[in-house]
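File shown here: work-v4.txt, holding compact mmCIF, C-alpha atoms.
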```txt
# COMPACT_ATOMS: atom_id res chain seq x y z
CA MET A 947 -54.22 -28.58 21.71
CA ALA A 948 -51.63 -30.71 23.53
CA GLU A 949 -49.78 -27.56 24.60
CA GLU A 950 -53.04 -25.94 25.80
CA PHE A 951 -53.87 -29.11 27.75
CA ARG A 952 -50.51 -29.10 29.48
CA LEU A 953 -50.74 -25.47 30.50
CA ARG A 954 -54.35 -25.37 31.64
CA SER A 955 -54.81 -28.77 33.21
CA VAL A 956 -51.49 -30.27 34.23
CA ALA A 957 -50.07 -27.00 35.56
CA VAL A 958 -52.81 -26.74 38.17
CA ALA A 959 -53.10 -30.42 38.94
CA VAL A 960 -49.42 -31.25 39.33
CA TYR A 961 -47.04 -28.30 39.00
CA ALA A 962 -48.66 -26.03 41.60
CA PRO A 963 -48.71 -28.71 44.33
CA ALA A 964 -45.17 -29.79 43.37
CA THR A 965 -43.91 -26.23 43.83
CA LEU A 966 -45.70 -25.94 47.17
CA PHE A 967 -44.36 -29.28 48.41
CA GLY A 968 -40.89 -28.23 47.31
CA LEU A 969 -41.26 -24.93 49.14
CA ALA A 970 -42.39 -26.79 52.27
CA GLU A 971 -39.38 -29.11 52.10
CA GLY A 972 -36.93 -26.32 51.34
CA SER A 973 -38.10 -24.18 54.24
CA MET A 974 -37.99 -26.88 56.93
CA LEU A 975 -34.92 -28.94 55.96
CA PRO A 976 -32.33 -26.34 57.07
CA VAL A 977 -33.81 -26.16 60.59
CA VAL A 978 -34.32 -29.86 61.34
CA ALA A 979 -30.86 -30.33 62.86
CA LEU A 980 -31.13 -27.06 64.78
CA SER A 981 -34.50 -28.12 66.20
CA ALA A 982 -32.98 -31.38 67.39
CA ILE A 983 -30.07 -29.57 69.05
CA ASP A 984 -32.53 -27.23 70.80
CA ARG A 985 -34.18 -30.35 72.23
CA GLY A 986 -30.86 -31.52 73.67
CA ALA A 987 -29.45 -33.66 70.84
CA THR A 988 -25.74 -34.01 70.23
CA THR A 989 -24.40 -33.14 66.78
CA SER A 990 -24.37 -36.79 65.73
CA VAL A 991 -27.93 -37.38 66.94
CA ALA A 992 -29.07 -34.21 65.17
CA ALA A 993 -27.47 -35.48 61.95
CA LEU A 994 -29.27 -38.82 62.39
CA ILE A 995 -32.62 -37.08 62.84
CA SER A 996 -31.98 -35.03 59.70
CA ALA A 997 -31.23 -38.26 57.82
CA LEU A 998 -34.60 -39.73 58.82
CA ILE A 999 -36.31 -37.83 56.01
CA GLY A 1000 -34.28 -39.82 53.48
CA ILE A 1001 -34.80 -43.04 55.40
CA GLY A 1002 -38.55 -42.43 55.47
CA SER A 1003 -38.54 -42.01 51.71
CA LEU A 1004 -36.37 -45.08 51.15
CA VAL A 1005 -38.60 -47.45 53.14
CA THR A 1006 -41.84 -46.07 51.67
CA ASN A 1007 -41.16 -46.06 47.91
CA ILE A 1008 -42.42 -49.58 47.24
CA PRO A 1009 -45.43 -49.39 49.61
CA ALA A 1010 -46.26 -46.05 47.98
CA GLY A 1011 -46.48 -47.79 44.60
CA VAL A 1012 -48.82 -50.42 46.01
CA LEU A 1013 -50.94 -47.70 47.64
CA ALA A 1014 -51.28 -45.66 44.45
CA THR A 1015 -52.17 -48.80 42.49
CA ARG A 1016 -54.94 -49.64 44.98
CA VAL A 1017 -56.50 -46.25 45.77
CA GLY A 1018 -55.38 -44.04 42.87
CA GLU A 1019 -52.97 -41.15 42.45
CA ARG A 1020 -55.21 -38.33 43.69
CA LYS A 1021 -56.12 -40.05 46.97
CA SER A 1022 -52.46 -40.94 47.49
CA MET A 1023 -51.46 -37.28 47.12
CA LEU A 1024 -54.16 -36.24 49.61
CA LEU A 1025 -52.95 -38.87 52.08
CA ALA A 1026 -49.38 -37.64 51.64
CA ALA A 1027 -50.47 -34.09 52.46
CA ALA A 1028 -52.26 -35.29 55.60
CA VAL A 1029 -49.24 -37.31 56.76
CA SER A 1030 -46.95 -34.32 56.09
CA VAL A 1031 -49.19 -32.13 58.26
CA ALA A 1032 -49.01 -34.71 61.06
CA GLY A 1033 -45.22 -34.85 60.78
CA LEU A 1034 -44.87 -31.06 60.88
CA VAL A 1035 -47.14 -30.87 63.93
CA LEU A 1036 -44.91 -33.38 65.73
CA CYS A 1037 -41.86 -31.28 64.84
CA LEU A 1038 -43.58 -28.19 66.26
CA LEU A 1039 -44.51 -29.74 69.61
CA ASP A 1040 -42.59 -28.00 72.38
CA LEU A 1041 -41.85 -30.77 74.89
CA GLY A 1042 -38.71 -29.25 76.37
CA LYS A 1043 -35.47 -31.24 76.32
CA GLY A 1044 -34.76 -34.92 76.70
CA SER A 1045 -35.19 -38.22 74.91
CA LEU A 1046 -38.97 -37.98 74.44
CA PRO A 1047 -38.87 -34.68 72.52
CA LEU A 1048 -36.12 -36.10 70.29
CA VAL A 1049 -38.15 -39.25 69.59
CA VAL A 1050 -41.23 -37.15 68.76
CA CYS A 1051 -39.22 -34.85 66.49
CA GLY A 1052 -37.59 -37.83 64.79
CA ALA A 1053 -40.98 -39.45 64.23
CA GLY A 1054 -42.22 -36.24 62.64
CA VAL A 1055 -39.25 -36.07 60.27
CA LEU A 1056 -39.70 -39.76 59.39
CA LEU A 1057 -43.37 -39.15 58.54
CA ILE A 1058 -42.44 -36.19 56.33
CA GLY A 1059 -39.97 -38.37 54.43
CA ALA A 1060 -42.55 -41.12 53.99
CA ALA A 1061 -45.15 -38.62 52.78
CA SER A 1062 -42.64 -37.18 50.33
CA ALA A 1063 -42.16 -40.61 48.75
CA VAL A 1064 -45.91 -41.17 48.42
CA TYR A 1065 -46.54 -37.75 46.93
CA SER A 1066 -43.56 -37.94 44.55
CA LEU A 1067 -44.69 -41.27 43.15
CA ALA A 1068 -48.36 -40.30 42.85
CA ARG A 1069 -47.70 -37.02 41.04
CA GLN A 1070 -45.28 -38.75 38.64
CA SER A 1071 -47.81 -41.47 37.83
CA TYR A 1072 -50.63 -38.92 37.49
CA LEU A 1073 -48.62 -36.78 35.10
CA THR A 1074 -47.50 -39.77 33.02
CA GLU A 1075 -51.13 -40.83 32.55
CA SER A 1076 -52.38 -37.29 31.86
CA VAL A 1077 -49.89 -35.99 29.30
CA PRO A 1078 -49.62 -37.08 25.65
CA LEU A 1079 -46.62 -39.29 24.94
CA HIS A 1080 -44.98 -36.77 22.62
CA MET A 1081 -44.84 -34.24 25.49
CA ARG A 1082 -43.87 -36.62 28.29
CA ALA A 1083 -40.26 -35.48 28.73
CA ARG A 1084 -41.15 -31.79 28.73
CA ALA A 1085 -43.90 -32.43 31.26
CA LEU A 1086 -41.71 -34.45 33.61
CA SER A 1087 -38.71 -32.12 33.21
CA THR A 1088 -40.96 -29.23 34.15
CA LEU A 1089 -42.19 -31.22 37.14
CA GLY A 1090 -38.59 -31.65 38.30
CA GLY A 1091 -37.91 -27.97 37.62
CA THR A 1092 -40.89 -26.66 39.57
CA MET A 1093 -39.94 -28.83 42.54
CA ARG A 1094 -36.42 -27.37 42.41
CA VAL A 1095 -37.79 -23.84 42.29
CA GLY A 1096 -39.75 -24.55 45.46
CA VAL A 1097 -36.74 -26.06 47.21
CA PHE A 1098 -34.58 -23.12 46.08
CA VAL A 1099 -37.02 -20.44 47.30
CA GLY A 1100 -38.05 -22.28 50.47
CA PRO A 1101 -34.95 -21.53 52.60
CA PHE A 1102 -35.22 -17.78 51.86
CA LEU A 1103 -38.90 -17.65 52.79
CA GLY A 1104 -38.20 -19.85 55.81
CA ALA A 1105 -35.51 -17.43 56.97
CA ALA A 1106 -37.96 -14.55 56.66
CA ALA A 1107 -40.58 -16.50 58.64
CA MET A 1108 -38.04 -17.19 61.39
CA GLN A 1109 -37.38 -13.47 61.68
CA VAL A 1110 -41.05 -13.05 62.60
CA TRP A 1111 -41.89 -16.19 64.60
CA GLY A 1112 -38.48 -17.49 65.61
CA PRO A 1113 -37.21 -21.01 64.78
CA PRO A 1114 -40.75 -22.48 64.53
CA GLY A 1115 -41.47 -20.02 61.72
CA ALA A 1116 -39.92 -22.31 59.10
CA TYR A 1117 -42.25 -25.13 60.18
CA TYR A 1118 -45.26 -22.78 60.12
CA LEU A 1119 -44.41 -21.86 56.54
CA SER A 1120 -44.06 -25.55 55.61
CA LEU A 1121 -47.41 -26.27 57.22
CA VAL A 1122 -49.15 -23.53 55.23
CA ALA A 1123 -47.52 -24.70 51.98
CA VAL A 1124 -48.53 -28.33 52.54
CA LEU A 1125 -52.11 -27.36 53.40
CA ALA A 1126 -52.27 -25.22 50.25
CA ALA A 1127 -50.92 -28.11 48.16
CA GLY A 1128 -53.53 -30.44 49.67
CA ALA A 1129 -56.30 -27.94 48.86
CA VAL A 1130 -55.17 -27.80 45.22
CA VAL A 1131 -54.99 -31.59 44.95
CA TYR A 1132 -58.46 -31.91 46.49
CA ARG A 1133 -59.90 -30.02 43.53
CA VAL A 1134 -58.03 -32.13 40.97
CA PRO A 1135 -60.20 -34.72 39.18
CA ASP A 1136 -59.41 -38.40 39.50
CA LEU A 1137 -57.90 -40.14 36.50
CA GLU A 1138 -60.51 -41.97 34.47
CA THR A 1139 -60.06 -45.74 34.45
CA THR A 1140 -62.26 -48.58 33.27
CA ALA A 1141 -63.49 -51.41 35.45
CA GLU A 1142 -61.24 -53.78 33.49
CA VAL A 1143 -58.15 -51.69 34.24
CA ARG A 1144 -59.05 -51.39 37.93
CA ALA A 1145 -59.52 -55.15 38.18
CA ALA A 1146 -56.17 -55.79 36.49
CA ALA A 1147 -54.45 -53.27 38.77
CA ALA A 1148 -55.84 -55.06 41.83
CA SER A 1149 -53.82 -58.16 40.86
CA ILE A 1150 -50.49 -56.30 40.79
CA THR A 1151 -47.81 -57.40 43.25
CA THR A 1152 -44.36 -55.98 43.79
CA TRP A 1153 -42.71 -59.36 43.30
CA GLY A 1154 -44.73 -59.93 40.14
CA MET A 1155 -43.55 -56.58 38.79
CA VAL A 1156 -39.93 -57.43 39.61
CA LYS A 1157 -40.26 -60.73 37.70
CA GLN A 1158 -41.84 -58.96 34.74
CA GLN A 1159 -39.34 -56.07 34.61
CA TRP A 1160 -36.17 -57.58 36.06
CA ARG A 1161 -34.14 -57.07 32.89
CA VAL A 1162 -34.95 -53.35 32.92
CA TYR A 1163 -33.99 -53.01 36.58
CA ALA A 1164 -30.74 -54.95 36.09
CA THR A 1165 -29.63 -52.82 33.13
CA LEU A 1166 -31.12 -49.35 32.82
CA GLY A 1167 -31.87 -49.41 36.54
CA VAL A 1168 -28.14 -49.68 37.26
CA GLY A 1169 -27.55 -46.54 35.18
CA ILE A 1170 -30.24 -44.74 37.17
CA LEU A 1171 -28.65 -45.87 40.45
CA LEU A 1172 -25.25 -44.52 39.37
CA LEU A 1173 -26.72 -41.24 38.09
CA SER A 1174 -28.63 -40.73 41.33
CA GLY A 1175 -25.45 -41.36 43.30
CA ILE A 1176 -23.40 -38.64 41.60
CA ARG A 1177 -26.32 -36.19 41.57
CA GLN A 1178 -26.73 -36.56 45.32
CA THR A 1179 -23.00 -36.26 45.93
CA ARG A 1180 -22.82 -33.00 43.98
CA GLN A 1181 -24.66 -31.24 46.82
CA THR A 1182 -21.75 -32.00 49.13
CA VAL A 1183 -18.62 -31.54 47.06
CA VAL A 1184 -18.88 -27.79 46.34
CA PRO A 1185 -19.07 -26.72 50.01
CA LEU A 1186 -16.43 -29.28 50.99
CA TRP A 1187 -13.94 -28.18 48.33
CA ALA A 1188 -14.63 -24.52 49.04
CA ALA A 1189 -13.79 -25.13 52.69
CA HIS A 1190 -10.68 -27.07 51.62
CA LEU A 1191 -9.55 -24.01 49.64
CA GLY A 1192 -10.11 -21.78 52.66
CA LEU A 1193 -13.01 -19.83 51.14
CA SER A 1194 -15.45 -18.14 53.49
CA PRO A 1195 -18.93 -19.63 54.07
CA THR A 1196 -20.37 -16.61 52.26
CA ALA A 1197 -18.25 -17.25 49.18
CA SER A 1198 -19.18 -20.92 49.26
CA SER A 1199 -22.88 -20.05 49.45
CA VAL A 1200 -22.61 -17.62 46.54
CA ILE A 1201 -20.86 -20.22 44.36
CA TYR A 1202 -23.46 -22.82 45.31
CA GLY A 1203 -26.21 -20.32 44.53
CA PHE A 1204 -24.84 -19.58 41.05
CA ALA A 1205 -24.70 -23.31 40.32
CA GLY A 1206 -28.28 -23.69 41.57
CA ALA A 1207 -29.46 -20.84 39.37
CA ILE A 1208 -27.95 -22.47 36.25
CA ASP A 1209 -29.51 -25.75 37.35
CA ALA A 1210 -32.98 -24.22 37.57
CA LEU A 1211 -32.88 -22.43 34.20
CA VAL A 1212 -32.42 -25.26 31.72
CA PHE A 1213 -35.04 -27.86 32.59
CA TYR A 1214 -37.62 -27.03 29.91
CA PRO A 1215 -35.23 -26.85 26.91
CA ALA A 1216 -33.78 -30.19 28.02
CA GLY A 1217 -37.23 -31.74 28.07
CA LYS A 1218 -37.94 -30.40 24.60
CA VAL A 1219 -34.71 -31.96 23.30
CA MET A 1220 -35.69 -35.31 24.82
CA ASP A 1221 -39.13 -35.22 23.22
CA ARG A 1222 -37.76 -34.24 19.81
CA PHE A 1223 -34.51 -36.20 19.51
CA GLY A 1224 -34.69 -38.91 22.18
CA ARG A 1225 -33.75 -39.43 25.81
CA ARG A 1226 -30.09 -40.33 25.20
CA TRP A 1227 -29.39 -36.80 23.90
CA VAL A 1228 -29.89 -35.51 27.44
CA ALA A 1229 -29.33 -38.49 29.75
CA VAL A 1230 -25.78 -39.22 28.56
CA PRO A 1231 -24.52 -35.58 28.50
CA CYS A 1232 -26.04 -35.04 31.96
CA ALA A 1233 -24.06 -37.91 33.50
CA PHE A 1234 -20.90 -37.16 31.49
CA MET A 1235 -20.84 -33.45 32.40
CA LEU A 1236 -21.31 -34.27 36.06
CA GLY A 1237 -18.37 -36.68 35.86
CA VAL A 1238 -16.18 -34.08 34.12
CA SER A 1239 -17.03 -31.39 36.67
CA PHE A 1240 -16.10 -33.72 39.54
CA VAL A 1241 -12.76 -34.65 37.96
CA LEU A 1242 -11.92 -31.00 37.29
CA MET A 1243 -12.87 -29.72 40.73
CA PRO A 1244 -9.67 -30.82 42.56
CA LEU A 1245 -7.70 -28.87 39.93
CA THR A 1246 -9.28 -25.56 41.00
CA HIS A 1247 -7.34 -23.35 43.40
CA GLY A 1248 -9.52 -20.28 43.78
CA ALA A 1249 -13.07 -19.00 43.91
CA LEU A 1250 -13.34 -18.11 40.21
CA LEU A 1251 -12.31 -21.49 38.83
CA LEU A 1252 -14.41 -23.29 41.43
CA ALA A 1253 -17.42 -21.18 40.43
CA ILE A 1254 -16.92 -22.07 36.76
CA VAL A 1255 -16.70 -25.79 37.52
CA ALA A 1256 -19.71 -25.55 39.84
CA MET A 1257 -21.73 -23.89 37.07
CA VAL A 1258 -20.75 -26.68 34.66
CA MET A 1259 -21.96 -29.10 37.33
CA GLY A 1260 -25.21 -27.14 37.69
CA PHE A 1261 -25.76 -27.15 33.92
CA GLY A 1262 -25.13 -30.89 33.70
CA ASN A 1263 -27.52 -31.60 36.53
CA GLY A 1264 -30.11 -29.12 35.24
CA ILE A 1265 -30.42 -30.64 31.79
CA GLY A 1266 -31.14 -33.92 33.54
CA SER A 1267 -34.16 -32.49 35.34
CA GLY A 1268 -36.85 -35.15 35.21
CA ILE A 1269 -34.69 -37.67 33.35
CA ILE A 1270 -35.09 -40.38 36.00
CA MET A 1271 -38.87 -39.90 36.03
CA THR A 1272 -39.04 -39.82 32.22
CA LEU A 1273 -37.06 -43.02 31.76
CA GLY A 1274 -39.06 -44.70 34.50
CA ALA A 1275 -42.28 -43.74 32.71
CA ASP A 1276 -40.94 -44.87 29.33
CA VAL A 1277 -40.22 -48.41 30.51
CA SER A 1278 -43.30 -48.74 32.72
CA PRO A 1279 -46.17 -51.12 31.96
CA SER A 1280 -49.60 -49.57 31.44
CA ILE A 1281 -51.09 -51.74 34.18
CA GLY A 1282 -49.30 -51.42 37.50
CA ARG A 1283 -47.38 -48.29 36.60
CA PRO A 1284 -47.32 -46.97 40.21
CA THR A 1285 -45.87 -50.27 41.46
CA HIS A 1286 -43.13 -50.07 38.83
CA ILE A 1287 -42.40 -46.43 39.67
CA GLY A 1288 -42.09 -47.36 43.36
CA ILE A 1289 -39.38 -49.91 42.52
CA TRP A 1290 -37.74 -47.43 40.14
CA ASN A 1291 -37.66 -44.71 42.81
CA GLU A 1292 -36.20 -47.21 45.26
CA LEU A 1293 -33.27 -47.81 42.90
CA ALA A 1294 -32.74 -44.05 42.65
CA ASP A 1295 -32.89 -43.60 46.43
CA VAL A 1296 -30.38 -46.41 46.98
CA GLY A 1297 -28.04 -44.54 44.64
CA CYS A 1298 -28.65 -41.33 46.57
CA GLY A 1299 -27.59 -43.10 49.74
CA LEU A 1300 -24.53 -44.84 48.30
CA GLY A 1301 -23.07 -41.84 46.44
CA PRO A 1302 -22.16 -39.74 49.50
CA LEU A 1303 -20.99 -42.87 51.33
CA LEU A 1304 -18.50 -43.57 48.52
CA LEU A 1305 -17.22 -40.01 48.73
CA ALA A 1306 -16.83 -40.29 52.51
CA ALA A 1307 -15.07 -43.67 52.33
CA VAL A 1308 -12.53 -42.67 49.65
CA THR A 1309 -11.93 -39.32 51.36
CA ALA A 1310 -11.16 -41.10 54.64
CA LEU A 1311 -8.66 -43.38 52.88
CA ALA A 1312 -7.02 -41.08 50.32
CA GLY A 1313 -8.12 -37.49 50.88
CA LEU A 1314 -10.88 -35.23 49.62
CA GLY A 1315 -9.44 -34.69 46.13
CA SER A 1316 -9.27 -38.43 45.47
CA GLY A 1317 -12.77 -38.89 46.85
CA ILE A 1318 -14.16 -36.29 44.43
CA VAL A 1319 -12.32 -37.82 41.44
CA VAL A 1320 -13.55 -41.34 42.25
CA SER A 1321 -17.09 -39.97 42.54
CA GLY A 1322 -16.59 -38.39 39.12
CA PHE A 1323 -15.94 -41.82 37.63
CA VAL A 1324 -19.35 -42.85 38.91
CA GLY A 1325 -20.70 -40.23 36.50
CA PHE A 1326 -18.73 -41.73 33.61
CA GLY A 1327 -20.09 -45.16 34.54
CA ALA A 1328 -23.61 -43.75 34.54
CA ALA A 1329 -23.03 -42.18 31.11
CA ALA A 1330 -21.84 -45.50 29.70
CA ALA A 1331 -24.77 -47.40 31.19
CA LEU A 1332 -27.30 -44.87 29.91
CA TRP A 1333 -25.74 -44.83 26.43
CA THR A 1334 -26.02 -48.61 26.32
CA TRP A 1335 -29.47 -49.16 27.80
CA VAL A 1336 -31.63 -46.07 27.28
CA PRO A 1337 -34.27 -47.12 24.71
CA ARG A 1338 -33.63 -45.62 21.27
CA THR A 1339 -37.34 -45.02 20.79
CA VAL A 1340 -40.25 -44.67 23.20
CA ARG A 1341 -42.76 -47.43 22.77
CA ARG A 1342 -46.02 -48.24 24.46
CA VAL A 1343 -45.81 -51.26 26.74
CA ARG A 1344 -48.43 -54.01 26.58
CA ARG A 1345 -51.05 -54.02 29.33
CA VAL A 1346 -49.82 -57.15 31.11
CA PRO A 1347 -50.67 -57.47 34.80
CA ALA A 1348 -47.77 -58.37 37.06
CA THR A 1349 -49.00 -61.26 39.18
CA GLU A 1350 -47.28 -63.64 41.48
```
Have the structure of the file written as structure tokens, please.
Amino acid sequence: MAEEFRLRSVAVAVYAPATLFGLAEGSMLPVVALSAIDRGATTSVAALISALIGIGSLVTNIPAGVLATRVGERKSMLLAAAVSVAGLVLCLLDLGKGSLPLVVCGAGVLLIGAASAVYSLARQSYLTESVPLHMRARALSTLGGTMRVGVFVGPFLGAAAMQVWGPPGAYYLSLVAVLAAGAVVYRVPDLETTAEVRAAAASITTWGMVKQQWRVYATLGVGILLLSGIRQTRQTVVPLWAAHLGLSPTASSVIYGFAGAIDALVFYPAGKVMDRFGRRWVAVPCAFMLGVSFVLMPLTHGALLLAIVAMVMGFGNGIGSGIIMTLGADVSPSIGRPTHIGIWNELADVGCGLGPLLLAAVTALAGLGSGIVVSGFVGFGAAAALWTWVPRTVRRVRRVPATE
């Protein structure tokens, strides 16, 4: 019955919108910088506008948790869809060239990033509440996998749309995908909660949650920060090392594509292992394999060896699909879960920001090979932290409101 529940209810409520949101993000991200340049931006300004999607997510994680606690997961997802539509419309406005069009485009990208944080948190909280505990890892791993499928397919569909409608075609496709996701969420039932639970949730504060959970954030949270850092950096190192070896952009894309395919194929088996044997059986190998692949990459001197290392990297990252969400759910309190997840996602996003910065800093001082190796040791640090602090068993947390 639990399996039937997951397939018939959760798939429609969470997985379909997640895939559509991923498709929307995957189709528009490659053209954000190009849109800014068309509006007269320099390369550096275009890069800054592209970064606003991450900044929007970073500054919205904690408010998103408060919002979901107050109004519920379903309404939060609907609001995220509406904000995404507004952001895409701003990106589509043709105001010519100059500072005003760049400001409008940047505001649109910032809104899309903020909406992404709200939707990501709400769907994670909704799924955690909806799925039986013994299937939590599989459910959340599949959530991460479906999002990746959308992001993987999005650029190809966006390219096809641009062949028909020009550069705005990618935004049109994103708009349709977001509207479709919102329509699906609109038909999803609200989670059932008692008046007692709603009253307790109303007393939740972010600072109260930090005081209640500070030991978790200072231990396991550090492991999550490190893991997020190396996972984000992995998206940069393959193209950079391929260019360092003198490989063509086509060869680099093919290698990256093979790694992405491996990444997208292993999420469900990994979730099943976590549910059956425990989270450490996946969390630690994920971080360790990423670290190994980084350390080995500077030793490659051709396309074949680089492809093999990149596929090891893809496998390591793929088995960790949903691991950050799963661990966050495992250590979350029953009351105030969205607030906790907002703080948890903030730790992950901080890691995502610091990882590439570390690579850039070490590369500037000692060269690309050294930068990649140092980033690899971040993976080993993450593996050690996760081995030490991942709970051996999943337990239910007492319903204790986090108050000031």
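Nearest to A:Pro1185 of all the residues A:Gly1203, A:Gly1297, A:Gly1033, A:Gly1018 is A:Gly1203, counting all atoms listed in the file.
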**Asked** Of the candidates A:Val1296, A:Val1005, A:Val1124, A:Val1308, which shows the shortest atom-to-atom distance to A:Ala1060, using only C-alpha atoms?
**Response**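 Closest to A:Ala1060, using only C-alpha atoms: A:Val1005.
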**Request:** Work out how far apart atom CA of A:Gly1169 and atom CA of A:Ala1331 are and give it in Å to one decimal.
**Result:** 4.9 Å
**Fill in**
Using all atoms listed in the file, the residue out of A:Leu1250, A:Leu1067, A:Met1081, A:Leu1103 with shortest distance to A:Pro1284 is A:Leu1067
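With only C-alpha atoms as the basis for measurement, A:Cys1037 is the residue among A:Cys1037, A:Leu966, A:Ala1127, A:Arg1020 that approaches A:Ser996 most closely.
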Output requested as an mmCIF file, in the frame of the given file - stretch 975-990 of chain A, filled out with N, CA, C and O atoms.
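Output file selection.cif follows:
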```
data_model
loop_
_atom_site.group_PDB
_atom_site.id
_atom_site.type_symbol
_atom_site.label_atom_id
_atom_site.label_comp_id
_atom_site.auth_asym_id
_atom_site.auth_seq_id
_atom_site.Cartn_x
_atom_site.Cartn_y
_atom_site.Cartn_z
ATOM 1 N N LEU A 975 -36.127 -28.121 55.887
ATOM 2 C CA LEU A 975 -34.920 -28.940 55.960
ATOM 3 C C LEU A 975 -33.750 -28.252 56.663
ATOM 4 O O LEU A 975 -33.056 -28.901 57.464
ATOM 5 N N PRO A 976 -33.493 -26.954 56.409
ATOM 6 C CA PRO A 976 -32.330 -26.340 57.070
ATOM 7 C C PRO A 976 -32.436 -26.231 58.584
ATOM 8 O O PRO A 976 -31.420 -26.007 59.248
ATOM 9 N N VAL A 977 -33.650 -26.364 59.143
ATOM 10 C CA VAL A 977 -33.810 -26.160 60.590
ATOM 11 C C VAL A 977 -34.032 -27.453 61.351
ATOM 12 O O VAL A 977 -34.165 -27.427 62.569
ATOM 13 N N VAL A 978 -34.074 -28.598 60.648
ATOM 14 C CA VAL A 978 -34.320 -29.860 61.340
ATOM 15 C C VAL A 978 -33.225 -30.146 62.360
ATOM 16 O O VAL A 978 -33.501 -30.454 63.535
ATOM 17 N N ALA A 979 -31.975 -30.051 61.937
ATOM 18 C CA ALA A 979 -30.860 -30.330 62.860
ATOM 19 C C ALA A 979 -30.843 -29.329 64.013
ATOM 20 O O ALA A 979 -30.603 -29.716 65.173
ATOM 21 N N LEU A 980 -31.113 -28.075 63.724
ATOM 22 C CA LEU A 980 -31.130 -27.060 64.780
ATOM 23 C C LEU A 980 -32.247 -27.330 65.780
ATOM 24 O O LEU A 980 -32.067 -27.143 66.995
ATOM 25 N N SER A 981 -33.397 -27.779 65.291
ATOM 26 C CA SER A 981 -34.500 -28.120 66.200
ATOM 27 C C SER A 981 -34.112 -29.262 67.117
ATOM 28 O O SER A 981 -34.441 -29.260 68.311
ATOM 29 N N ALA A 982 -33.410 -30.254 66.574
ATOM 30 C CA ALA A 982 -32.980 -31.380 67.390
ATOM 31 C C ALA A 982 -31.983 -30.940 68.452
ATOM 32 O O ALA A 982 -32.047 -31.378 69.612
ATOM 33 N N ILE A 983 -31.056 -30.075 68.078
ATOM 34 C CA ILE A 983 -30.070 -29.570 69.050
ATOM 35 C C ILE A 983 -30.757 -28.776 70.145
ATOM 36 O O ILE A 983 -30.409 -28.880 71.330
ATOM 37 N N ASP A 984 -31.771 -27.983 69.792
ATOM 38 C CA ASP A 984 -32.530 -27.230 70.800
ATOM 39 C C ASP A 984 -33.238 -28.154 71.785
ATOM 40 O O ASP A 984 -33.510 -27.769 72.920
ATOM 41 N N ARG A 985 -33.522 -29.380 71.349
ATOM 42 C CA ARG A 985 -34.180 -30.350 72.230
ATOM 43 C C ARG A 985 -33.161 -31.192 72.992
ATOM 44 O O ARG A 985 -33.525 -32.175 73.625
ATOM 45 N N GLY A 986 -31.888 -30.855 72.884
ATOM 46 C CA GLY A 986 -30.860 -31.520 73.670
ATOM 47 C C GLY A 986 -30.049 -32.558 72.927
ATOM 48 O O GLY A 986 -29.267 -33.294 73.546
ATOM 49 N N ALA A 987 -30.185 -32.647 71.600
ATOM 50 C CA ALA A 987 -29.450 -33.660 70.840
ATOM 51 C C ALA A 987 -27.996 -33.250 70.670
ATOM 52 O O ALA A 987 -27.664 -32.064 70.578
ATOM 53 N N THR A 988 -27.122 -34.249 70.621
ATOM 54 C CA THR A 988 -25.740 -34.010 70.230
ATOM 55 C C THR A 988 -25.696 -33.791 68.716
ATOM 56 O O THR A 988 -26.679 -34.007 68.009
ATOM 57 N N THR A 989 -24.532 -33.379 68.220
ATOM 58 C CA THR A 989 -24.400 -33.140 66.780
ATOM 59 C C THR A 989 -24.670 -34.407 65.983
ATOM 60 O O THR A 989 -25.349 -34.377 64.945
ATOM 61 N N SER A 990 -24.165 -35.544 66.462
ATOM 62 C CA SER A 990 -24.370 -36.790 65.730
ATOM 63 C C SER A 990 -25.829 -37.213 65.738
ATOM 64 O O SER A 990 -26.358 -37.689 64.715
#
```
